[in-house]
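Novice: Dropping the structure in here first, questions after.
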Amino acid sequence: RSQVFLVDFKLMCLGISCQPITDNQRLFSIAVSRVQHLHLLAQRLFSEFESSLQTEEQRQLNKIFLQDFCNSDYIISPIDKHETQRSSVLKLLSISYRLVESWEFPSRSLSGGSSPRNQISPKLSELKTGILLLIRANQDAPEIFTDTSTLQLAPYGNYYQSLEADESLRRTYELLACFKKDMHKVETYLTVAKCRLSPEANCTL
C-alpha cells in the first residue's frame with residue numbers, strides 16, 4: 001500500500017510549473033485528497049439513504065441518533081475547533097489513524113451493491129497506510145507511536161446479527177451517520193495538520 005502513495009508522489013510533480021515540495025507535504029496532500037473523497041462518499045450514501053425514508057422515519061431516526069453515540073466516540077479526540085488548533089501534528093495524525101482503523105471492520109457492511117460502496121474498504125486501507133507513513137515521518141522518536149492493532153473496538157452494537165426490519169433500519173442509519181461524522185473529523189484533523197507545514201498559512205477553522 002505504501003508503494004501506491006510513493007507512485008502518487010511522482011505523478012503530482014510532472015508539470016514544468018510544479019514547485020519543489022517535500023515528501024512530507026506530498027504525503028499530506030495525498031492523504032487529505034483521499035479523506036475528502038471518503039467524506040464526500042459518506043455524505044452521498046447518507047443522503048441517498050435518508051431520501052429513501054418516509055418523513056416520520058427520518059424524524060424518529062434522527063431523534064434516536066442524537067441520543068446515541070458512535071462506536072468511535074471511545075477514541076479521545078479534540079472537543080472543539082479551539083482544541084483541534086492547539087493539538088500537535090502528531091496528536092492529530094494519531095487520532096486520525098485510530099478513527100480510520102476503527103472503520104476497517106464496520107466498513108464491510110457499507111460495501112456491496114454499487115461501485116462507490118465497494119471502494120470504501122480499500123480506500124480506508126490506503127488512507128490508513130498513508131497516515132501511518134506521515135506519523136513515522138513526523139514523530140521525534142520511534143516509541144512515541146506504534147502501529148497498534150491492540151485497539152480493538154467492538155462492532156457497532158449487534159449490527160451483524162439478524163435484526164427485525166425496524167431495528168435494521170436504525171442500525172443502517174447509525175452506521176452511515178457515524179461514518180460521515182468520522183470522515184469529517186479525519187478530514188478536519190489532516191487539513192489542520194497539513195496547514196501547519198506552512199508557517200505563513202492561516203489554519204483557522
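To be explicit about the labels: the chains of the C-alpha cells are called A, B, and onward in the order shown, and within each one the residues are counted from 1, while ligands get numbers from 1 in the order they are shown.
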Using only C-alpha atoms, what table do you get, as CSV, when you list each residue of stretch 27-109 of chain A with an atom no more than 7 Å from stretch 169-189 of chain A, its nearest pair of atoms, and their distance in Å rounded to one decimal, rows by chain then rising number?
Specialist:
residue,atom,partner,partner_atom,distance
A:Val32,CA,A:Glu187,CA,6.4
A:Val35,CA,A:Glu187,CA,5.7
A:Gln36,CA,A:Glu187,CA,6.2
A:Leu38,CA,A:Met183,CA,6.7
A:His39,CA,A:Met183,CA,5.0
A:Ala42,CA,A:Lys180,CA,4.8
A:Gln43,CA,A:Lys180,CA,5.9
A:Phe46,CA,A:Leu176,CA,5.6
A:Leu61,CA,A:Arg170,CA,6.3
A:Phe65,CA,A:Glu174,CA,6.5
A:Cys70,CA,A:Cys178,CA,5.7
A:Leu92,CA,A:Tyr189,CA,5.5
A:Ser96,CA,A:Val186,CA,5.1
A:Leu99,CA,A:Asp182,CA,6.7
Novice: Enumerate as an MDAnalysis selection string all residues of stretch 36-129 of chain A assigned to alpha helix (DSSP H) by DSSP on the backbone, naming them with the chain letters and numbers the document uses.
Specialist: chainID A and resid 36:51 55:67 81:86 89:101 115:129
Novice: Need the shell around A:His82: protein/DNA/RNA residues with any atom at most 12 Å away, counting only C-alpha atoms. Skip same-chain ones fewer than 2 positions apart. Format as a list in words?
Specialist: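 The contact residues come out as Pro78, Ile79, Asp80, Thr84, Gln85, Arg86, Ser87, Tyr189, Val192, Cys203, Thr204 and Leu205 of chain A.
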Novice: Using the selection just defined, write its residues with N, CA, C and O atoms as a CSV table (one decimal), in the first residue's frame.
Specialist:
chain,number,residue,atom,x,y,z
A,78,PRO,N,-10.1,15.9,20.1
A,78,PRO,CA,-10.4,17.3,20.5
A,78,PRO,C,-12.0,17.5,20.6
A,78,PRO,O,-12.7,17.1,19.7
A,79,ILE,N,-12.4,18.3,21.6
A,79,ILE,CA,-13.8,18.5,21.8
A,79,ILE,C,-14.4,19.7,20.9
A,79,ILE,O,-15.6,19.8,20.7
A,80,ASP,N,-13.5,20.5,20.5
A,80,ASP,CA,-14.0,21.7,19.6
A,80,ASP,C,-12.8,22.1,18.7
A,80,ASP,O,-11.7,21.6,18.8
A,84,THR,N,-8.7,21.5,18.7
A,84,THR,CA,-8.1,21.0,17.5
A,84,THR,C,-6.9,21.8,17.0
A,84,THR,O,-5.8,21.3,16.7
A,85,GLN,N,-7.0,23.1,17.0
A,85,GLN,CA,-5.9,24.0,16.6
A,85,GLN,C,-4.8,24.0,17.6
A,85,GLN,O,-3.6,24.3,17.1
A,86,ARG,N,-5.0,23.7,18.8
A,86,ARG,CA,-3.9,23.6,19.8
A,86,ARG,C,-3.2,22.3,19.8
A,86,ARG,O,-2.1,22.2,20.4
A,87,SER,N,-3.8,21.3,19.2
A,87,SER,CA,-3.2,19.9,19.2
A,87,SER,C,-2.0,19.9,18.3
A,87,SER,O,-2.0,20.5,17.2
A,189,TYR,N,-8.9,17.1,10.9
A,189,TYR,CA,-7.6,16.9,11.6
A,189,TYR,C,-6.4,16.9,10.6
A,189,TYR,O,-5.4,17.5,10.8
A,192,VAL,N,-5.8,20.5,9.1
A,192,VAL,CA,-5.1,21.3,10.1
A,192,VAL,C,-3.6,20.9,10.2
A,192,VAL,O,-2.7,21.8,10.2
A,203,CYS,N,-4.4,28.8,9.6
A,203,CYS,CA,-5.0,27.5,9.8
A,203,CYS,C,-6.3,27.6,10.7
A,203,CYS,O,-6.7,26.6,11.3
A,204,THR,N,-6.9,28.7,10.7
A,204,THR,CA,-8.2,28.9,11.4
A,204,THR,C,-9.3,28.1,10.8
A,204,THR,O,-9.5,28.1,9.6
A,205,LEU,N,-10.0,27.4,11.7
A,205,LEU,CA,-11.1,26.6,11.2
A,205,LEU,C,-12.4,27.4,11.0
A,205,LEU,O,-12.6,28.3,11.8
Novice: At what distance in Å, to one decimal, does atom CA of A:Leu132 lie from atom CA of A:Asn118?
Specialist: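 Separation between atom CA of A:Asn118 and atom CA of A:Leu132: 22.9 Å.
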Novice: What does the distance from atom CA of A:Ser77 to atom CA of A:Ile131 come to in Å, to one decimal?
Specialist: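 According to the coordinates, atom CA of A:Ser77 and atom CA of A:Ile131 are separated by 16.2 Å.
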